[in-house]
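**Student:** One structure is given below, represented as structure tokens, and several questions about it will come after.
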Amino acid sequence: MLCANDCMTEIPDITIEVSHLVKTYGSLTAVDDLSFTVKRGEIVGLLGPNGAGKSTTMRILTGYLPANSGSVKICGLPVASQAEATKHHIGYMPENNPLPEDMRVSEYLWFRGRLKEMPRAKLRARIDEVLELCDLKRNRHRILGRLSKGNKQRVGIAEAILAEPAVIIMDEPTIGLDPHQIIIVRDLIASLRGRMSVIISSHILPEIEATCDRVLIINGGRIVAQGSPAELRREIFGHTSYRVEFAGHNAAFAAHLTTIDASLSVATVGDCSGDGFCVATLVTTAPEDLGEKLLQRLPAGGYRLRALHRTQPSLEDVFLAATRRSWDARLPDKKVQNGDQRQPLPKI
Amino acid sequence: MRHYFTILSHEVRTLLYSSSTYIAAVLFLGVMGFVFAGILELYGKAPQETSPAVVFFQLFWFPVFFMVPLLTMKSFAEERRLGTLETLLTAPVSTTEVVLGKFSAAYFFYILLWGSTLGFHYLLKVYARDARFLDPAPLIGGYLFIALSGLLFIALGILASALTRNQAVAGILCFTCLLGLIGGFSYLGELSALNADGLQPLKNAVESLRIPAHMEDFTHGVIDTRQVFFYFTGAILTLLLSILGVEAKILNS
């Protein structure tokens with residue numbers, strides 16, 4: 001399985017296949033019957049509270065830690081029995097991005113490239129390329145131990161993409177970066193879309209939302225929710241809410257709403273200001289967008305409207321709800337179909 | 001073994017950048033220089049029966065005690081402390097290659113430092129203007145012994161470093177192991193409890209494991225294959241244990 005160039009052609013459509021993975025540390029179950037797949041070119045975000053098993057899962061994927069049971073296949077090859085072959089397909093940046101302190105940036109990349117069996121001639125050009133990509137050209141001769149946190153992080157990313165692996169695994173790539181650098185790193189990860197499969201874990205939720213095609217929310221070693229951010233919203237909350245500012249007959253408002261759409265109800269009515277306008281939050285389980293209907297039918301019913309806003313639960317809300325649900329119910333991670341009946345969620 | 005030379009050159013460079021290498025080198029050359037000057041003084045006062053080279057190697061254990069820990073304590077302990085062991089082992093390399101690479105780099109420096117003491121003997125020859133002072137036989141025997149025993153000593157240092165994430169603990173563990181290996185067997189051999197008839201084979205075994213005795217044999221031109229075998233198998237066994245140690249520590253990480 002020695003291939004530097006020709007491997008890319010034989011990469012299957014599913015690059016990561018995890019099935020029924022279990023890892024225990026003594027009596028603690030870090031990963032509990034975890035199964036998921038990642039397609040070629042997909043960017044997947046791994047979300048979860050501290051100790052959810054994100055880092056452990058990533059370490060098992062790289063072949064660094066052995067699992068207790070279950071299987072992991074990288075590009076169709078089992079990690080457990082063909083560790084060396086699968087490591088060729090992986091670029092990995094561990095948590096906190098450890099780097100040797102007394103090497104220069106270019107020396108380090110050269111050493112890592114040689115370990116990954118890149119031919120010398122190709123490696124030289126490739127190092128220039130990744131330094132350019134990661135905006136490290138000016139720092140190429142600096143010593144790693146003296147680099148700033150952001151630059152170190154970018155060296156870690158440069159190292160992960162150096163050998164152009166099919167799978168890139170990054171454990172919290174943006175931790176400790178300033179907003180400007182976060183955007184650089186985000187764009188960098190987004191530029192890998194379509195070419196490489198990327199798994200990133202992060203606590204920074206807007207980040208995941210901006211870059212990832214799919215999100216896996218893990219808690220207690222299990223997947224508690226998965227899908228694109230939009231799907232997750234629908235799945236976890238199951239309802240859409242609107243915020244309206246209206247003036248008119250308050251008592252009949254709720255009754256009028258049901259004539260617009262049967263599923264519409266008033267969740268809260270806020271304080272009314274002096275000019276007669278009240279703020280209300282409406283909730284609906286209707287799958288379609290009711291915005292236009294509301295805009296047409298509320299004035300028709302004699303209400304004056306000055307603002308209508310469809311409120312999206314942020315990924316943060318989804319994350320909190322999903323992890324809380326798993327703590328509350330310890331539900332098995334069954335695939336929830338759209339329109340499935342589900343227990344009411346705790347209000348957040 | 002495709003990555004052996006990549007790791008070896010990386011490790012040699014790491015050792016070149018490390019301050020402990022220079023401390024080891026300065027201490028070693030200083031101590032050995034004083035020892036050599038002392039020997040010359042002794043020989044200048046009165047004629048002696050043995051060649052100066054034989055006396056020179058009798059004190060081989062003293063630099064070993066500080067040099068081996070200083071050269072090896074960093075190898076795995078530092079990588080584990082920084083967390084770079086994880087990045088190293090998730091590259092397509094095997095633990096065997098990593099252990100062998102680190103071992104070879106430390107051994108290379110060990111031999112390089114001992115090799116530099118050849119200069120002492122050369123200076124003696126130049127200034128004494130007498131070829132008899134540079135008796136090649138005990139020198140060849142002595143350096144052969146250093147090269148052979150170094151395999152085992154350095155392997156012990158690597159093992160000690162593989163077992164902990166603290167350099168100081170690794171260094172002291174290595175020192176203790178070396179003390180037990182070099183001094184322990186001599187001490188055991190002198191125990192009167194071993195003088196009983198039934199324990200004679202045990203006493204013989206302990207006697208034949210005395211490392212200072214091996215050194216005497218080598219410098220007197222006796223190269224015993226049993227001793228060569230002892231150092232080779234000892235080094236291989238210790239390196240195997242180091243590989244297992246590195247992998248076992250990952251399981252519990």
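In the structure tokens, chains take the letters A, B, ... in the order shown, each chain's residues start at 1, and ligands count up from 1 in the order shown.
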Based on only C-alpha atoms, which of the residues in chain A come within 7 Å of chain B? I want them as a PyMOL selection string.
**Tutor:** chain A and resi 62-65+84+87-88+98-100+114-116
**Student:** Convert the current residue selection to file output with N, CA and C atoms, as a PDB file, in the first residue's frame.
**Tutor:**
```pdb
ATOM      1  N   THR A  62      -7.631   7.910  13.823  1.00  0.00           N
ATOM      2  CA  THR A  62      -6.262   8.016  13.315  1.00  0.00           C
ATOM      3  C   THR A  62      -5.452   6.753  13.579  1.00  0.00           C
ATOM      4  N   GLY A  63      -6.003   5.824  14.348  1.00  0.00           N
ATOM      5  CA  GLY A  63      -5.242   4.617  14.647  1.00  0.00           C
ATOM      6  C   GLY A  63      -4.307   4.764  15.820  1.00  0.00           C
ATOM      7  N   TYR A  64      -4.378   5.908  16.510  1.00  0.00           N
ATOM      8  CA  TYR A  64      -3.486   6.124  17.653  1.00  0.00           C
ATOM      9  C   TYR A  64      -3.962   5.315  18.854  1.00  0.00           C
ATOM     10  N   LEU A  65      -5.285   5.302  19.068  1.00  0.00           N
ATOM     11  CA  LEU A  65      -5.853   4.510  20.155  1.00  0.00           C
ATOM     12  C   LEU A  65      -6.592   3.317  19.552  1.00  0.00           C
ATOM     13  N   GLU A  84      -0.901   1.132   9.112  1.00  0.00           N
ATOM     14  CA  GLU A  84       0.078   1.897   8.325  1.00  0.00           C
ATOM     15  C   GLU A  84      -0.537   2.423   7.036  1.00  0.00           C
ATOM     16  N   LYS A  87      -2.972   5.288   7.713  1.00  0.00           N
ATOM     17  CA  LYS A  87      -2.330   6.534   8.143  1.00  0.00           C
ATOM     18  C   LYS A  87      -1.878   7.383   6.954  1.00  0.00           C
ATOM     19  N   HIS A  88      -1.646   6.736   5.798  1.00  0.00           N
ATOM     20  CA  HIS A  88      -1.285   7.495   4.606  1.00  0.00           C
ATOM     21  C   HIS A  88      -2.416   8.397   4.133  1.00  0.00           C
ATOM     22  N   PRO A  98       0.232  20.005  19.393  1.00  0.00           N
ATOM     23  CA  PRO A  98       1.600  19.942  19.904  1.00  0.00           C
ATOM     24  C   PRO A  98       2.636  20.026  18.783  1.00  0.00           C
ATOM     25  N   LEU A  99       3.669  20.838  19.002  1.00  0.00           N
ATOM     26  CA  LEU A  99       4.743  20.981  18.016  1.00  0.00           C
ATOM     27  C   LEU A  99       6.078  20.899  18.748  1.00  0.00           C
ATOM     28  N   PRO A 100       7.106  20.357  18.100  1.00  0.00           N
ATOM     29  CA  PRO A 100       8.417  20.386  18.738  1.00  0.00           C
ATOM     30  C   PRO A 100       8.884  21.833  18.882  1.00  0.00           C
ATOM     31  N   ARG A 114       8.566  14.073   4.869  1.00  0.00           N
ATOM     32  CA  ARG A 114       9.384  12.878   4.644  1.00  0.00           C
ATOM     33  C   ARG A 114       8.793  11.677   5.373  1.00  0.00           C
ATOM     34  N   LEU A 115       8.268  11.917   6.587  1.00  0.00           N
ATOM     35  CA  LEU A 115       7.632  10.811   7.317  1.00  0.00           C
ATOM     36  C   LEU A 115       6.418  10.287   6.562  1.00  0.00           C
ATOM     37  N   LYS A 116       5.755  11.221   5.855  1.00  0.00           N
ATOM     38  CA  LYS A 116       4.571  10.809   5.112  1.00  0.00           C
ATOM     39  C   LYS A 116       4.939  10.331   3.717  1.00  0.00           C
TER      40      LYS A 116
END
```
**Student:** From a backbone DSSP assignment, name each residue in segment 203-346 of chain A labelled strand (DSSP E or B), as a ChimeraX atom specification.
**Tutor:** /A:214-219,222-227,240-247,265-272,278-284,304-311
**Student:** What does the distance between atom CA of Ala247 of chain A and atom CA of Gly276 of chain A come to in Å, to one decimal place?
**Tutor:**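 Distance reported for this atom pair: 5.5 Å.
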**Student:** What's the separation between atom CA of Leu216 of chain A and atom CA of Thr24 of chain A, in Å to one decimal place?
**Tutor:** 20.4 Å
**Student:** How many Å lie between atom CA of Tyr92 of chain A and atom CA of Asp33 of chain A, rounded to one decimal?
**Tutor:**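 Those two atoms sit 23.1 Å apart.
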**Student:** So which residues touch Met118 of chain A within 10 Å, counting only C-alpha atoms, skipping near sequence neighbours fewer than 3 positions away, as an NGL selection string?
**Tutor:** :A and (3-5 or 110 or 112-115 or 121-124 or 126 or 162-163)
**Student:** Mind dumping the selected residues with C-alpha atoms as a PDB file, in the first residue's frame?
**Tutor:**
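Writing done, so here's out-v5.pdb:
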```pdb
ATOM      1  CA  CYS A   3       1.225   5.187  -2.919  1.00  0.00           C
ATOM      2  CA  ALA A   4       1.859   8.863  -2.876  1.00  0.00           C
ATOM      3  CA  ASN A   5       0.184   9.976  -6.064  1.00  0.00           C
ATOM      4  CA  TRP A 110      10.052  18.894   5.662  1.00  0.00           C
ATOM      5  CA  ARG A 112       6.677  15.585   8.467  1.00  0.00           C
ATOM      6  CA  GLY A 113       6.537  15.378   4.679  1.00  0.00           C
ATOM      7  CA  ARG A 114       9.384  12.878   4.644  1.00  0.00           C
ATOM      8  CA  LEU A 115       7.632  10.811   7.317  1.00  0.00           C
ATOM      9  CA  ALA A 121      11.142  17.132  -5.337  1.00  0.00           C
ATOM     10  CA  LYS A 122       7.390  17.235  -4.809  1.00  0.00           C
ATOM     11  CA  LEU A 123       7.730  18.048  -1.133  1.00  0.00           C
ATOM     12  CA  ARG A 124       9.750  21.202  -1.744  1.00  0.00           C
ATOM     13  CA  ARG A 126       4.288  21.481  -1.746  1.00  0.00           C
ATOM     14  CA  LEU A 162       0.691  18.801   3.581  1.00  0.00           C
ATOM     15  CA  ALA A 163       0.478  15.343   2.046  1.00  0.00           C
TER      16      ALA A 163
END
```
**Student:** Env of Gln153 of chain A: 10 Å cut, atoms = only C-alpha atoms, seq-sep filter 3 positions within chain, self excluded. Answer as a ChimeraX atom specification.
**Tutor:** /A:93,96-99,134,147-150,156-159,172-177,181,185
**Student:** Keeping only N, CA and C atoms, write the selected residues to a file as an mmCIF file, in the first residue's frame.
**Tutor:**
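out.cif was written with the following content:
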```
data_model
loop_
_atom_site.group_PDB
_atom_site.id
_atom_site.type_symbol
_atom_site.label_atom_id
_atom_site.label_comp_id
_atom_site.auth_asym_id
_atom_site.auth_seq_id
_atom_site.Cartn_x
_atom_site.Cartn_y
_atom_site.Cartn_z
ATOM 1 N N MET A 93 -4.533 16.774 13.139
ATOM 2 C CA MET A 93 -4.035 17.807 14.028
ATOM 3 C C MET A 93 -4.641 17.557 15.406
ATOM 4 N N ASN A 96 -4.849 20.921 20.994
ATOM 5 C CA ASN A 96 -3.780 21.811 21.444
ATOM 6 C C ASN A 96 -2.578 21.837 20.502
ATOM 7 N N ASN A 97 -2.673 21.109 19.390
ATOM 8 C CA ASN A 97 -1.656 21.179 18.349
ATOM 9 C C ASN A 97 -0.220 21.137 18.866
ATOM 10 N N PRO A 98 0.232 20.005 19.393
ATOM 11 C CA PRO A 98 1.600 19.942 19.904
ATOM 12 C C PRO A 98 2.636 20.026 18.783
ATOM 13 N N LEU A 99 3.669 20.838 19.002
ATOM 14 C CA LEU A 99 4.743 20.981 18.016
ATOM 15 C C LEU A 99 6.078 20.899 18.748
ATOM 16 N N CYS A 134 -1.527 28.893 4.046
ATOM 17 C CA CYS A 134 -1.767 29.166 5.463
ATOM 18 C C CYS A 134 -1.174 30.503 5.892
ATOM 19 N N LEU A 147 6.711 30.981 18.056
ATOM 20 C CA LEU A 147 5.610 31.496 17.253
ATOM 21 C C LEU A 147 4.433 31.837 18.159
ATOM 22 N N SER A 148 3.583 32.741 17.670
ATOM 23 C CA SER A 148 2.368 33.054 18.412
ATOM 24 C C SER A 148 1.401 31.883 18.269
ATOM 25 N N LYS A 149 0.400 31.889 19.138
ATOM 26 C CA LYS A 149 -0.577 30.795 19.149
ATOM 27 C C LYS A 149 -1.241 30.607 17.782
ATOM 28 N N GLY A 150 -1.606 31.724 17.173
ATOM 29 C CA GLY A 150 -2.292 31.648 15.885
ATOM 30 C C GLY A 150 -1.398 31.065 14.800
ATOM 31 N N GLY A 156 0.066 23.791 12.333
ATOM 32 C CA GLY A 156 -0.614 22.500 12.513
ATOM 33 C C GLY A 156 -1.524 22.179 11.337
ATOM 34 N N ILE A 157 -2.237 23.193 10.868
ATOM 35 C CA ILE A 157 -3.143 22.966 9.737
ATOM 36 C C ILE A 157 -2.336 22.701 8.467
ATOM 37 N N ALA A 158 -1.251 23.476 8.296
ATOM 38 C CA ALA A 158 -0.384 23.270 7.130
ATOM 39 C C ALA A 158 0.143 21.837 7.118
ATOM 40 N N GLU A 159 0.497 21.360 8.303
ATOM 41 C CA GLU A 159 1.036 20.002 8.412
ATOM 42 C C GLU A 159 -0.031 18.972 8.062
ATOM 43 N N GLU A 172 -10.372 20.692 17.365
ATOM 44 C CA GLU A 172 -10.454 22.087 17.768
ATOM 45 C C GLU A 172 -9.421 22.975 17.075
ATOM 46 N N PRO A 173 -9.543 23.101 15.758
ATOM 47 C CA PRO A 173 -8.515 23.848 15.018
ATOM 48 C C PRO A 173 -8.503 25.339 15.307
ATOM 49 N N THR A 174 -9.613 25.899 15.786
ATOM 50 C CA THR A 174 -9.644 27.355 15.934
ATOM 51 C C THR A 174 -9.540 27.800 17.378
ATOM 52 N N ILE A 175 -9.222 26.885 18.273
ATOM 53 C CA ILE A 175 -9.173 27.256 19.689
ATOM 54 C C ILE A 175 -8.036 28.260 19.903
ATOM 55 N N GLY A 176 -8.341 29.316 20.604
ATOM 56 C CA GLY A 176 -7.303 30.285 20.956
ATOM 57 C C GLY A 176 -6.932 31.266 19.853
ATOM 58 N N LEU A 177 -7.722 31.319 18.786
ATOM 59 C CA LEU A 177 -7.389 32.247 17.704
ATOM 60 C C LEU A 177 -8.222 33.515 17.819
ATOM 61 N N GLN A 181 -8.080 35.602 12.574
ATOM 62 C CA GLN A 181 -7.440 34.326 12.236
ATOM 63 C C GLN A 181 -8.476 33.215 12.091
ATOM 64 N N VAL A 185 -8.768 30.634 8.996
ATOM 65 C CA VAL A 185 -8.795 29.181 9.148
ATOM 66 C C VAL A 185 -10.089 28.618 8.572
#
```
**Student:** Can you tell me which residues surround segment 309-322 of chain A at a distance of at most 6 Å, considering only C-alpha atoms, apart from same-chain residues fewer than 6 positions away, and format the answer as a list of chain:residue names?
**Tutor:**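 Contacts, in chain order: A:Ser241, A:Tyr242, A:Arg243.
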